[in-house]
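Here's the structure we're looking at; comments come further down.
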Amino acid sequence: MSAATIDELMVVTLARAFTNETRAFNGAVSFVPVCAYLLARRTHAPELVWAASSLAVDADPKSIPESTLSDGLWDGASMLSNSAYDFWSYAQGRRYNTFAFRGAQMDAYGNVNNTTIGPYASPKVRLPGGGGMADLGCMIPLIFLWSTTHDPRTFVEKLDFRSGIGWGDGGDHRARLGLPGGPQLCVTNLCVFDFDPDSKRMRIRSVHPGVTVEQVVEATGFELAPSPGGVPETDAPTDEELRVLREEVDPTGARLREFR
Amino acid sequence: MSAATIDELMVVTLARAFTNETRAFNGAVSFVPVCAYLLARRTHAPELVWAASSLAVDADPKSIPESTLSDGLWDGASMLSNSAYDFWSYAQGRRYNTFAFRGAQMDAYGNVNNTTIGPYASPKVRLPGGGGMADLGCMIPLIFLWSTTHDPRTFVEKLDFRSGIGWGDGGDHRARLGLPGGPQLCVTNLCVFDFDPDSKRMRIRSVHPGVTVEQVVEATGFELAPSPGGVPETDAPTDEELRVLREEVDPTGARLREFR
Amino acid sequence: MTITGSVGFESKLRTLEEAAGEVADGATIALGGLSMNAVPMAFVRELARRKVRDLTVVAIVHGMPLEWLVAAGCVRKVVSGLVSLEGFGLAPRFRAAVQSGEVAIEEYSEHTLICRLQAAGYGLPFVPTKAGLGTDMLALHPETTREEVDETTGEAYVECTALPVDVAIVHADAADTRGNVRVDPKLVWMDSELVKAAARVIVTVERILPERAFRAAPERTTYPRFAVDTVVEAPWGAYPTSSYPTYGYDGAFFEAYQRAHADPATAASFWEERIAGPETHAAFLDANGGPETLLRIARRPT
Amino acid sequence: MTITGSVGFESKLRTLEEAAGEVADGATIALGGLSMNAVPMAFVRELARRKVRDLTVVAIVHGMPLEWLVAAGCVRKVVSGLVSLEGFGLAPRFRAAVQSGEVAIEEYSEHTLICRLQAAGYGLPFVPTKAGLGTDMLALHPETTREEVDETTGEAYVECTALPVDVAIVHADAADTRGNVRVDPKLVWMDSELVKAAARVIVTVERILPERAFRAAPERTTYPRFAVDTVVEAPWGAYPTSSYPTYGYDGAFFEAYQRAHADPATAASFWEERIAGPETHAAFLDANGGPETLLRIARRPT
């Protein structure tokens with residue numbers, strides 16, 4: 001089995017964070033988490049719930065199309081749900097507990113911007129918009145972040161716009177707003193971040209093979225919280241994980257759309 | 001064709017108040033209006049919408065069972081709707097425009113009581129409860145009332161409890177509450193009431209054959225508004241209306257359950 | 001009769017007795033179905049036989065299940081919009097228990113009660129409606145149906161606060177052992193509002209199907225497995241109410257029930273012989289005419 | 001091709017051109033479907049060809065229809081939660097128009113926008129949610145997404161005020177001439193919220209069925225006839241988006257669209273030749289590969 005590529009390492013690392021208690025769904029352009037849900041379900045977490053496009057529960061697609069909101073992802077589902085009546089009520093009602101999102105910008109507390117680069121009124125770049133991020137960041141307790149472009153333009157001290165909430169202003173901000181849980185991990189193309197239990201700032205949990213802590217600090221536009229007990233290397237995928245990902249989960253390599 | 005009985009006269013009279021614009025549904029123990037909707041649809045109002053048990057749109061039952069909330073009423077429907085997601089939203093959203101209800105007590109403004117006789121805390125009689133009356137009286141613009149027991153115990157000056165709103169305290173009370181329309185007619189076993197356009201109090205629109213205005217006044221526990229231009233006799237059903245009601249709409253005479 | 005579950009997956013299949021054991025004394029339960037239709041009566045009978053105590057029963061529009069639970073002394077309070085036996089008249093045991101004060105009633109209009117359940121289901125402080133304005137209903141519970149005026153439009157409306165439910169019990173046509181449930185041909189009543197509002201969901205079904213049956217028609221799945229905690233196989237489990245379109249309600253049972261309640265003695269023997277006495281669900285069906293009754297109410301496709 | 005309507009009943013069947021004529025300049029319209037799926041594109045193309053002006057377009061999560069309406073100069077304002085071409089990248093015409101200020105955007109999170117539509121549909125001053133708390137989204141429109149604190153629980157929540165819609169246009173599988181509509185196998189997107197919120201509802205469908213087909217499977221009817229004002233027969237009417245499960249989106253069209261927009265000249269000719277130019281819906285399908293394309297995207301049952 002050839003060594004893991006960065007996309008494979010990211011998918012496997014995210015997949016290992018999911019369990020039989022994970023009840024997840026996905027939004028637009030979410031190839032990495034979709035691969036991770038499918039991989040986890042096919043390996044260590046057979047009871048994991050994943051609703052393709054947030055609608056097709058337990059879908060089992062033969063491959064992943066160009067859109068993660070596409071009906072091409074729904075084959076083999078045990079339920080096709082209605083968005084407003086089923087999905088949004090189970091999301092608000094806490095039956096769903098896991099969601100992953102990314103942003104063009106992310107800050108130290110895992111808040112994300114997918115709305116505008118530059119001032120909102122006169123944007124330098126008009127991004128797609130927050131979509132369901134602003135909603136689901138408030139509703140779902142276990143939030144996972146990922147980024148395929150770990151650089152100071154993505155990981156910024158201050159967002160130009162907060163489209164979706166992570167740990168908010170940090171500390172107990174989410175709790176004060178009456179929001180459940182918060183971001184758990186952020187998996188990037190350089191490392192894995194988790195969050196300081198008190199300040200809720202990102203800290204390095206592990207660096208990917210060949211990446212140094214200095215490179216991560218360099219590529220990150222904000223101050224990181226200290227990592228108690230040092231920074232190990234990210235665990236390598238097993239051959240079986242790589243085989244399942246390459247042969248069963250994403251044979252056409254749709255995930256690479258996020259690495260262009 | 002034998003002469004119309006009182007149940008037939010009431011059904012026909014109510015049916016004639018419905019049109020091709022009528023979009024109606026029914027609740028529990030509503031044999032008279034159910035017969036009236038079906039009769040109107042089979043005679044002068046083919047486009048009339050009636051949702052059996054508020055769920056089965058355009059149902060075409062061969063006969064009417066002991067319960068007007070029963071699935072026995074749903075045969076031939078063109079849509080089975082979901083109560084919370086479809087029925088209640090179309091009722092609130094004004095796509096439905098017509099509802100008929102009765103009460104153990106009714107007052108001069110067409111408000112009804114179906115909750116308790118006597119004080120609420122220590123009732124003399126515990127009635128079934130308001131059910132959807134309190135809701136639909138607020139949501140539906142064209143309200144029709146009926147009673148098979150026109151006497152001073154039913155038509156009272158003051159309700160022991162207001163389960164459902166008609167014209168409220170009269171005058172522009174509904175409008176002040178932001179509620180649409182209000183009661184249009186009340187068809188009883190003695191007469192037909194409509195409502196004074198200003199005071200919104202009941203007034204006699206017509207008396208059934210063999211009934212005098214004095215008898216109606218006698219049987220009514222509240223002051224009636226004057227009927228401008230006198231009180232005619234209720235128009236008699238045509239042979240065709242009677243045939244359709246007897247042979248097609250309610251061959252088993254389920255409507256008589258309201259006349260025991 | 002029960003088919004084996006989906007291999008390698010947790011099975012949520014339990015017996016009626018096991019499932020009824022999930023309802024603790026003092027719990028708040030909500031009953032699915034409406035009036036004569038799709039009520040989980042086999043489960044209700046089991047609760048009555050176990051003499052569970054001090055239940056708060058959320059019953060939007062119901063009759064017979066409240067009669068049984070009240071008769072068995074299970075009920076402390078009923079939270080309800082309408083209670084009757086419909087075309088068969090008022091509910092005698094419930095009515096007597098409320099008039100005597102033996103059972104408390106917390107009464108709402110049907111829609112304000114639905115809104116309270118939706119608020120619980122959606123994790124919101126309240127759900128608004130215009131239902132109940134201008135009636136005496138709101139004044140019964142001003143703390144849970146709060147009359148307000150919108151700051152911008154000046155419209156009057158009602159805030160229906162969240163009504164949390166411990167256990168919802170609904171009846172459906174089919175489930176698999178993982179908890180996927182199908183109401184066939186379609187859910188029409190408010191059961192989904194109960195399922196979403198409840199911390200725990202028990203579903204009784206006419207039959208168990210293999211998971212592949214759900215994957216073959218995913219558009220027909222009503223509740224996903226992650227919203228269902230316990231599945232009970234209970235054929236004819238809604239009797240004497242209906243399970244559309246498989247069978248209708250048993251009008252003869254309702255007539256006989258009402259006749260028996262003309263007199264306490266006949267009511268007591270009816271209760272013992274035809275409701276509470278029989279040891280099993282099958283024995284209960286037998287005590288009410290067995291196959292002859294079932295064939296009579298089985299619905300002929302039209 | 002069109003079968004005769006139910007005899008003796010009003011027919012709501014209209015041509016694409018007639019139906020598009022129901023949208024007046026300055027109207028607020030809402031588009032069904034989501035992203036790559038079930039968008040009434042044939043109708044959108046007709047609107048673009050008619051050069052309707054000053055539209056406010058409510059588009060919860062959309063891409064290509066906004067590209068076309070913006071390119072044709074039909075749009076004054078977009079009310080939206082997310083605009084992109086998904087896996088195919090950002091929406092070039094829309095993005096340029098917003099960055100240049102040519103088109104205004106009134107932006108909400110997806111769920112607060114749904115709540116605004118539900119408030120309109122249910123005749124309520126607002127619908128509450130916890131969505132958007134702690135983000136910059138609410139501050140964009142504090143008058144329509146009002147941050148509040150519940151008087152009893154002290155919980156923060158958001159009041160989403162009613163968003164009235166003049167005309168909703170949705171695409172479905174089948175309808176009868178009376179206006180009964182079936183989304184086959186099931187409605188999954190938010191179209192029903194649009195249908196309920198709109199004063200007028202136009203539905204484009206893949207095929208017209210006789211009313212008896214609806215009476216034969218009433219559980220499969222998605223919208224009742226009284227909620228639908230106009231029906232248009234438009235086979236392949238969602239192209240280049242998908243109409244599940246009949247056909248998928250045309251990825252090749254989206255790729256070509258993006259390639260063409262690398263350069264204004266090629267963008268203009270793509271617009272003329274493959275979108276706005278063709279006189280009829282059939283000619284439009286022909287200009288995009290005709291039968292070969294349709295066979296390519298036709299979905300093989302799995």
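Order determines the names: the first chain of the structure tokens is A, the second B, and so forth; residues in each chain are numbered 1 upward, and ligands are numbered 1 upward as they are shown.
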(message) Excluding range 79-85 of chain D and its own-chain neighbours fewer than 2 positions away, which residues fall within 8 Å of it when counting only C-alpha atoms? Please give them as JSON, numbers by chain.
(response) {"A": [128, 129, 130, 131, 132], "D": [35, 36, 56, 57, 58, 59, 60, 61, 62, 63, 64, 77, 87, 88, 89, 90, 91, 105, 106, 107, 108, 109, 110, 113, 254]}
If you take only C-alpha atoms and a cut-off of 9 Å, which residues of chain B touch chain C, and what are their nearest atom pairs and distances in Å to one decimal, in chain and number order, as CSV?
residue,atom,partner,partner_atom,distance
B:Ala28,CA,C:Glu86,CA,6.4
B:Val29,CA,C:Gly87,CA,5.8
B:Leu55,CA,C:Val188,CA,7.0
B:Pro65,CA,C:Gly87,CA,8.9
B:Glu66,CA,C:Gly87,CA,5.3
B:Ser67,CA,C:Gly87,CA,5.1
B:Thr68,CA,C:Gly87,CA,7.8
B:Leu69,CA,C:Ser35,CA,7.4
B:Ser70,CA,C:Met36,CA,6.5
B:Asp71,CA,C:Tyr244,CA,6.6
B:Gly72,CA,C:Gly248,CA,7.2
B:Asp75,CA,C:Thr302,CA,7.0
B:Gly76,CA,C:Thr302,CA,8.1
B:Leu80,CA,C:Val188,CA,7.1
B:Ser81,CA,C:Val188,CA,5.9
B:Asn82,CA,C:Val188,CA,4.0
B:Ser83,CA,C:Trp189,CA,5.3
B:Ala84,CA,C:Met190,CA,5.9
B:Tyr85,CA,C:Met190,CA,8.8
B:Trp88,CA,C:His111,CA,8.0
B:Gln92,CA,C:Lys130,CA,8.4
B:Asn111,CA,C:Thr135,CA,8.6
B:Thr115,CA,C:Leu82,CA,8.7
B:Ser122,CA,C:Gln99,CA,7.0
B:Pro123,CA,C:Gln99,CA,6.4
B:Lys124,CA,C:Gln99,CA,7.6
B:Val125,CA,C:Gln99,CA,7.4
B:Arg126,CA,C:Arg95,CA,6.0
B:Leu127,CA,C:Leu90,CA,7.4
B:Pro128,CA,C:Val83,CA,4.8
B:Gly129,CA,C:Leu82,CA,4.6
B:Gly130,CA,C:Ser109,CA,6.0
B:Gly131,CA,C:Gly81,CA,4.6
B:Gly132,CA,C:Glu110,CA,5.0
B:Met133,CA,C:Ser109,CA,7.4
B:Ala134,CA,C:Gly132,CA,4.8
B:Asp135,CA,C:Ala131,CA,4.1
B:Leu136,CA,C:Ala131,CA,7.0
B:Gly137,CA,C:Ala131,CA,7.9
B:Cys138,CA,C:Ala131,CA,5.7
B:Met139,CA,C:Ala131,CA,7.1
B:Phe161,CA,C:Asp136,CA,6.3
B:Arg162,CA,C:Asp136,CA,5.1
B:Ser163,CA,C:Thr135,CA,5.9
B:Gly164,CA,C:Thr135,CA,5.9
B:Ile165,CA,C:Thr135,CA,5.7
B:Gly168,CA,C:Gly134,CA,6.4
B:Asp169,CA,C:Gly134,CA,8.7
B:His173,CA,C:Gly134,CA,8.6
B:Arg174,CA,C:Gly134,CA,7.9
B:Arg176,CA,C:Ala156,CA,9.0
B:Leu177,CA,C:Ala156,CA,6.2
B:Gly178,CA,C:Glu155,CA,6.4
B:Leu179,CA,C:Lys130,CA,8.3
B:Arg257,CA,C:Gly87,CA,7.5
B:Glu258,CA,C:Gly87,CA,8.9
Excluding Ala108 in chain A and its own-chain neighbours fewer than 3 positions away, which residues fall within 12 Å of it when counting only C-alpha atoms? Please give them as a PDB file with N, CA, C and O atoms, in the first residue's frame.
ATOM      1  N   GLN A 105     -11.997  32.056   5.903  1.00  0.00           N
ATOM      2  CA  GLN A 105     -11.211  32.485   7.060  1.00  0.00           C
ATOM      3  C   GLN A 105     -11.689  31.741   8.309  1.00  0.00           C
ATOM      4  O   GLN A 105     -12.873  31.444   8.435  1.00  0.00           O
ATOM      5  N   ASN A 111     -14.270  30.142  14.920  1.00  0.00           N
ATOM      6  CA  ASN A 111     -15.327  30.834  14.185  1.00  0.00           C
ATOM      7  C   ASN A 111     -14.898  30.923  12.724  1.00  0.00           C
ATOM      8  O   ASN A 111     -13.698  30.949  12.431  1.00  0.00           O
ATOM      9  N   VAL A 112     -15.875  30.961  11.805  1.00  0.00           N
ATOM     10  CA  VAL A 112     -15.512  30.928  10.389  1.00  0.00           C
ATOM     11  C   VAL A 112     -16.184  32.050   9.601  1.00  0.00           C
ATOM     12  O   VAL A 112     -17.245  32.548   9.972  1.00  0.00           O
ATOM     13  N   LEU A 145     -13.862  21.174  12.264  1.00  0.00           N
ATOM     14  CA  LEU A 145     -13.417  22.111  11.231  1.00  0.00           C
ATOM     15  C   LEU A 145     -12.314  21.471  10.419  1.00  0.00           C
ATOM     16  O   LEU A 145     -11.584  20.610  10.921  1.00  0.00           O
ATOM     17  N   PRO A 152      -1.644  32.026   6.512  1.00  0.00           N
ATOM     18  CA  PRO A 152      -2.090  33.171   7.318  1.00  0.00           C
ATOM     19  C   PRO A 152      -3.296  33.902   6.731  1.00  0.00           C
ATOM     20  O   PRO A 152      -3.969  34.662   7.435  1.00  0.00           O
ATOM     21  N   THR A 154      -5.915  32.280   5.626  1.00  0.00           N
ATOM     22  CA  THR A 154      -7.064  31.479   6.066  1.00  0.00           C
ATOM     23  C   THR A 154      -7.215  31.531   7.593  1.00  0.00           C
ATOM     24  O   THR A 154      -8.295  31.784   8.118  1.00  0.00           O
ATOM     25  N   PHE A 155      -6.112  31.322   8.288  1.00  0.00           N
ATOM     26  CA  PHE A 155      -6.141  31.326   9.759  1.00  0.00           C
ATOM     27  C   PHE A 155      -5.750  32.703  10.259  1.00  0.00           C
ATOM     28  O   PHE A 155      -4.569  33.018  10.384  1.00  0.00           O
ATOM     29  N   VAL A 156      -6.778  33.535  10.516  1.00  0.00           N
ATOM     30  CA  VAL A 156      -6.546  34.953  10.783  1.00  0.00           C
ATOM     31  C   VAL A 156      -6.870  35.319  12.231  1.00  0.00           C
ATOM     32  O   VAL A 156      -7.666  34.647  12.888  1.00  0.00           O
ATOM     33  N   GLU A 157      -6.254  36.393  12.705  1.00  0.00           N
ATOM     34  CA  GLU A 157      -6.496  36.894  14.052  1.00  0.00           C
ATOM     35  C   GLU A 157      -7.938  37.382  14.163  1.00  0.00           C
ATOM     36  O   GLU A 157      -8.633  37.104  15.126  1.00  0.00           O
ATOM     37  N   LYS A 158      -8.366  38.100  13.119  1.00  0.00           N
ATOM     38  CA  LYS A 158      -9.733  38.646  13.146  1.00  0.00           C
ATOM     39  C   LYS A 158     -10.442  38.359  11.825  1.00  0.00           C
ATOM     40  O   LYS A 158      -9.928  38.676  10.751  1.00  0.00           O
ATOM     41  N   LEU A 159     -11.626  37.779  11.926  1.00  0.00           N
ATOM     42  CA  LEU A 159     -12.413  37.494  10.721  1.00  0.00           C
ATOM     43  C   LEU A 159     -12.936  38.797  10.123  1.00  0.00           C
ATOM     44  O   LEU A 159     -13.275  39.722  10.864  1.00  0.00           O
ATOM     45  N   ILE A 165     -20.534  30.417  14.066  1.00  0.00           N
ATOM     46  CA  ILE A 165     -19.892  30.492  15.369  1.00  0.00           C
ATOM     47  C   ILE A 165     -19.201  29.183  15.716  1.00  0.00           C
ATOM     48  O   ILE A 165     -19.726  28.097  15.475  1.00  0.00           O
ATOM     49  N   GLY A 166     -17.987  29.319  16.238  1.00  0.00           N
ATOM     50  CA  GLY A 166     -17.292  28.182  16.825  1.00  0.00           C
ATOM     51  C   GLY A 166     -17.422  28.320  18.334  1.00  0.00           C
ATOM     52  O   GLY A 166     -18.496  28.145  18.877  1.00  0.00           O
ATOM     53  N   TRP A 167     -16.309  28.680  18.979  1.00  0.00           N
ATOM     54  CA  TRP A 167     -16.364  28.976  20.418  1.00  0.00           C
ATOM     55  C   TRP A 167     -16.645  30.474  20.662  1.00  0.00           C
ATOM     56  O   TRP A 167     -16.470  30.981  21.773  1.00  0.00           O
ATOM     57  N   GLY A 168     -17.071  31.194  19.605  1.00  0.00           N
ATOM     58  CA  GLY A 168     -17.449  32.606  19.777  1.00  0.00           C
ATOM     59  C   GLY A 168     -16.275  33.443  20.221  1.00  0.00           C
ATOM     60  O   GLY A 168     -15.202  33.404  19.628  1.00  0.00           O
ATOM     61  N   ASP A 169     -16.454  34.191  21.308  1.00  0.00           N
ATOM     62  CA  ASP A 169     -15.360  35.016  21.838  1.00  0.00           C
ATOM     63  C   ASP A 169     -14.471  34.205  22.773  1.00  0.00           C
ATOM     64  O   ASP A 169     -13.607  34.759  23.459  1.00  0.00           O
ATOM     65  N   GLY A 170     -14.684  32.894  22.831  1.00  0.00           N
ATOM     66  CA  GLY A 170     -13.877  32.026  23.683  1.00  0.00           C
ATOM     67  C   GLY A 170     -14.444  31.902  25.085  1.00  0.00           C
ATOM     68  O   GLY A 170     -15.512  32.451  25.388  1.00  0.00           O
ATOM     69  N   GLY A 171     -13.724  31.151  25.927  1.00  0.00           N
ATOM     70  CA  GLY A 171     -14.195  30.923  27.297  1.00  0.00           C
ATOM     71  C   GLY A 171     -15.586  30.299  27.285  1.00  0.00           C
ATOM     72  O   GLY A 171     -15.858  29.363  26.532  1.00  0.00           O
ATOM     73  N   PRO A 183     -16.647  23.560  18.875  1.00  0.00           N
ATOM     74  CA  PRO A 183     -15.668  22.884  18.027  1.00  0.00           C
ATOM     75  C   PRO A 183     -14.791  21.913  18.812  1.00  0.00           C
ATOM     76  O   PRO A 183     -14.380  22.201  19.938  1.00  0.00           O
ATOM     77  N   LEU A 185     -12.238  19.655  16.963  1.00  0.00           N
ATOM     78  CA  LEU A 185     -10.948  19.558  16.269  1.00  0.00           C
ATOM     79  C   LEU A 185     -10.980  20.433  15.025  1.00  0.00           C
ATOM     80  O   LEU A 185     -12.051  20.706  14.483  1.00  0.00           O
ATOM     81  N   CYS A 186      -9.789  20.838  14.574  1.00  0.00           N
ATOM     82  CA  CYS A 186      -9.646  21.431  13.249  1.00  0.00           C
ATOM     83  C   CYS A 186      -8.501  20.698  12.550  1.00  0.00           C
ATOM     84  O   CYS A 186      -7.356  20.743  13.012  1.00  0.00           O
ATOM     85  N   PHE A 193      -5.487  20.714  15.024  1.00  0.00           N
ATOM     86  CA  PHE A 193      -5.698  21.597  16.172  1.00  0.00           C
ATOM     87  C   PHE A 193      -6.782  21.011  17.065  1.00  0.00           C
ATOM     88  O   PHE A 193      -7.755  20.431  16.572  1.00  0.00           O
ATOM     89  N   ASP A 194      -6.614  21.176  18.392  1.00  0.00           N
ATOM     90  CA  ASP A 194      -7.793  21.064  19.254  1.00  0.00           C
ATOM     91  C   ASP A 194      -7.917  22.387  20.003  1.00  0.00           C
ATOM     92  O   ASP A 194      -7.299  23.385  19.585  1.00  0.00           O
ATOM     93  N   PHE A 195      -8.707  22.433  21.060  1.00  0.00           N
ATOM     94  CA  PHE A 195      -9.013  23.711  21.690  1.00  0.00           C
ATOM     95  C   PHE A 195      -8.702  23.672  23.170  1.00  0.00           C
ATOM     96  O   PHE A 195      -9.040  22.691  23.853  1.00  0.00           O
ATOM     97  N   ASP A 196      -8.039  24.702  23.670  1.00  0.00           N
ATOM     98  CA  ASP A 196      -7.737  24.797  25.094  1.00  0.00           C
ATOM     99  C   ASP A 196      -9.053  24.755  25.880  1.00  0.00           C
ATOM    100  O   ASP A 196      -9.977  25.510  25.588  1.00  0.00           O
ATOM    101  N   SER A 199      -9.600  28.590  27.635  1.00  0.00           N
ATOM    102  CA  SER A 199      -9.664  29.767  26.753  1.00  0.00           C
ATOM    103  C   SER A 199     -10.412  29.462  25.464  1.00  0.00           C
ATOM    104  O   SER A 199     -10.924  30.355  24.804  1.00  0.00           O
ATOM    105  N   LYS A 200     -10.478  28.163  25.095  1.00  0.00           N
ATOM    106  CA  LYS A 200     -11.110  27.737  23.841  1.00  0.00           C
ATOM    107  C   LYS A 200     -10.349  28.240  22.613  1.00  0.00           C
ATOM    108  O   LYS A 200     -10.908  28.313  21.516  1.00  0.00           O
ATOM    109  N   ARG A 201      -9.076  28.578  22.799  1.00  0.00           N
ATOM    110  CA  ARG A 201      -8.239  28.920  21.634  1.00  0.00           C
ATOM    111  C   ARG A 201      -7.658  27.649  21.036  1.00  0.00           C
ATOM    112  O   ARG A 201      -7.453  26.656  21.729  1.00  0.00           O
ATOM    113  N   MET A 202      -7.360  27.707  19.738  1.00  0.00           N
ATOM    114  CA  MET A 202      -6.747  26.554  19.082  1.00  0.00           C
ATOM    115  C   MET A 202      -5.347  26.309  19.627  1.00  0.00           C
ATOM    116  O   MET A 202      -4.629  27.247  19.991  1.00  0.00           O
ATOM    117  N   ARG A 203      -4.986  25.029  19.683  1.00  0.00           N
ATOM    118  CA  ARG A 203      -3.619  24.640  20.027  1.00  0.00           C
ATOM    119  C   ARG A 203      -3.260  23.434  19.163  1.00  0.00           C
ATOM    120  O   ARG A 203      -4.135  22.698  18.712  1.00  0.00           O
ATOM    121  N   ILE A 204      -1.964  23.255  18.967  1.00  0.00           N
ATOM    122  CA  ILE A 204      -1.537  22.161  18.093  1.00  0.00           C
ATOM    123  C   ILE A 204      -1.635  20.834  18.844  1.00  0.00           C
ATOM    124  O   ILE A 204      -1.089  20.685  19.943  1.00  0.00           O
ATOM    125  N   THR A 220       0.069  30.233  10.635  1.00  0.00           N
ATOM    126  CA  THR A 220      -1.131  30.569  11.385  1.00  0.00           C
ATOM    127  C   THR A 220      -1.116  32.034  11.790  1.00  0.00           C
ATOM    128  O   THR A 220      -0.148  32.482  12.414  1.00  0.00           O
ATOM    129  N   GLY A 221      -2.171  32.780  11.418  1.00  0.00           N
ATOM    130  CA  GLY A 221      -2.207  34.216  11.613  1.00  0.00           C
ATOM    131  C   GLY A 221      -2.581  34.654  13.020  1.00  0.00           C
ATOM    132  O   GLY A 221      -2.773  35.847  13.264  1.00  0.00           O
ATOM    133  N   PHE A 222      -2.734  33.708  13.926  1.00  0.00           N
ATOM    134  CA  PHE A 222      -3.066  34.093  15.302  1.00  0.00           C
ATOM    135  C   PHE A 222      -2.203  33.315  16.280  1.00  0.00           C
ATOM    136  O   PHE A 222      -1.607  32.289  15.941  1.00  0.00           O
ATOM    137  N   GLU A 223      -2.176  33.821  17.498  1.00  0.00           N
ATOM    138  CA  GLU A 223      -1.443  33.217  18.603  1.00  0.00           C
ATOM    139  C   GLU A 223      -2.097  31.882  18.980  1.00  0.00           C
ATOM    140  O   GLU A 223      -3.309  31.817  19.181  1.00  0.00           O
ATOM    141  N   LEU A 224      -1.331  30.827  19.050  1.00  0.00           N
ATOM    142  CA  LEU A 224      -1.869  29.526  19.452  1.00  0.00           C
ATOM    143  C   LEU A 224      -1.743  29.323  20.952  1.00  0.00           C
ATOM    144  O   LEU A 224      -0.799  29.829  21.571  1.00  0.00           O
ATOM    145  N   ALA A 225      -2.697  28.614  21.539  1.00  0.00           N
ATOM    146  CA  ALA A 225      -2.568  28.241  22.953  1.00  0.00           C
ATOM    147  C   ALA A 225      -1.482  27.173  23.069  1.00  0.00           C
ATOM    148  O   ALA A 225      -1.262  26.411  22.123  1.00  0.00           O
TER     149      ALA A 225
END
(request) Within 6 Å of Cys191 in chain A, counting only C-alpha atoms, which residues show up once you throw out same-chain ones fewer than 6 positions away? Write them as number ranges by chain, please. (result) A: 206-208
(request) Please measure the separation of CA of Phe226 in chain D and CA of Leu14 in chain B, giving the value in Å to one decimal. (result) 21.7 Å
(request) From range 76-200 of chain D, collect each residue whose DSSP state is strand (DSSP E) and return the set as a ChimeraX atom specification. (result) /D:76-83,104-107,126-129,145-149,156-161,165-175,181-182,198-200
(message) I'd like to know which of D:His141, D:Arg212, D:Arg220, D:Arg76 is closest to chain C, using only C-alpha atoms.
(response)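 Answer, going by the shortest atom-to-atom distance: D:Arg220.
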(request) Tell me which of B:Glu21, B:Asp86, B:Asp58, B:Glu218 sits closest to chain A, counting only C-alpha atoms. (result) B:Asp86
(request) Would you mind listing what lies within 10 Å of range 7-19 of chain C as a ChimeraX atom specification, with only C-alpha atoms counted and same-chain residues fewer than 3 positions away left out? (result) /A:46-47 /C:2,4,22-23,42-47,49-50,169,175-180,202-204,208,211,225,228-234,280-281
(message) Taking only range 173-234 of chain A into account, list the residues labelled helix (DSSP H, G or I) by DSSP (computed from the backbone), as a PyMOL selection string.
(response) chain A and resi 173-176+213-219
(request) Report the distance between CA of Arg182 in chain D and CA of Tyr223 in chain D in Å, rounded to one decimal place. (result) 6.8 Å
(message) When you look at Phe259 in chain A with a cut-off of 9 Å (counting only C-alpha atoms), what residues show up, excluding the ones that are within fewer than 5 positions of it in the same chain? I need them as a list in words.
(response)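 So the residues in contact are Asp7, Thr148 and Thr149 of chain A.
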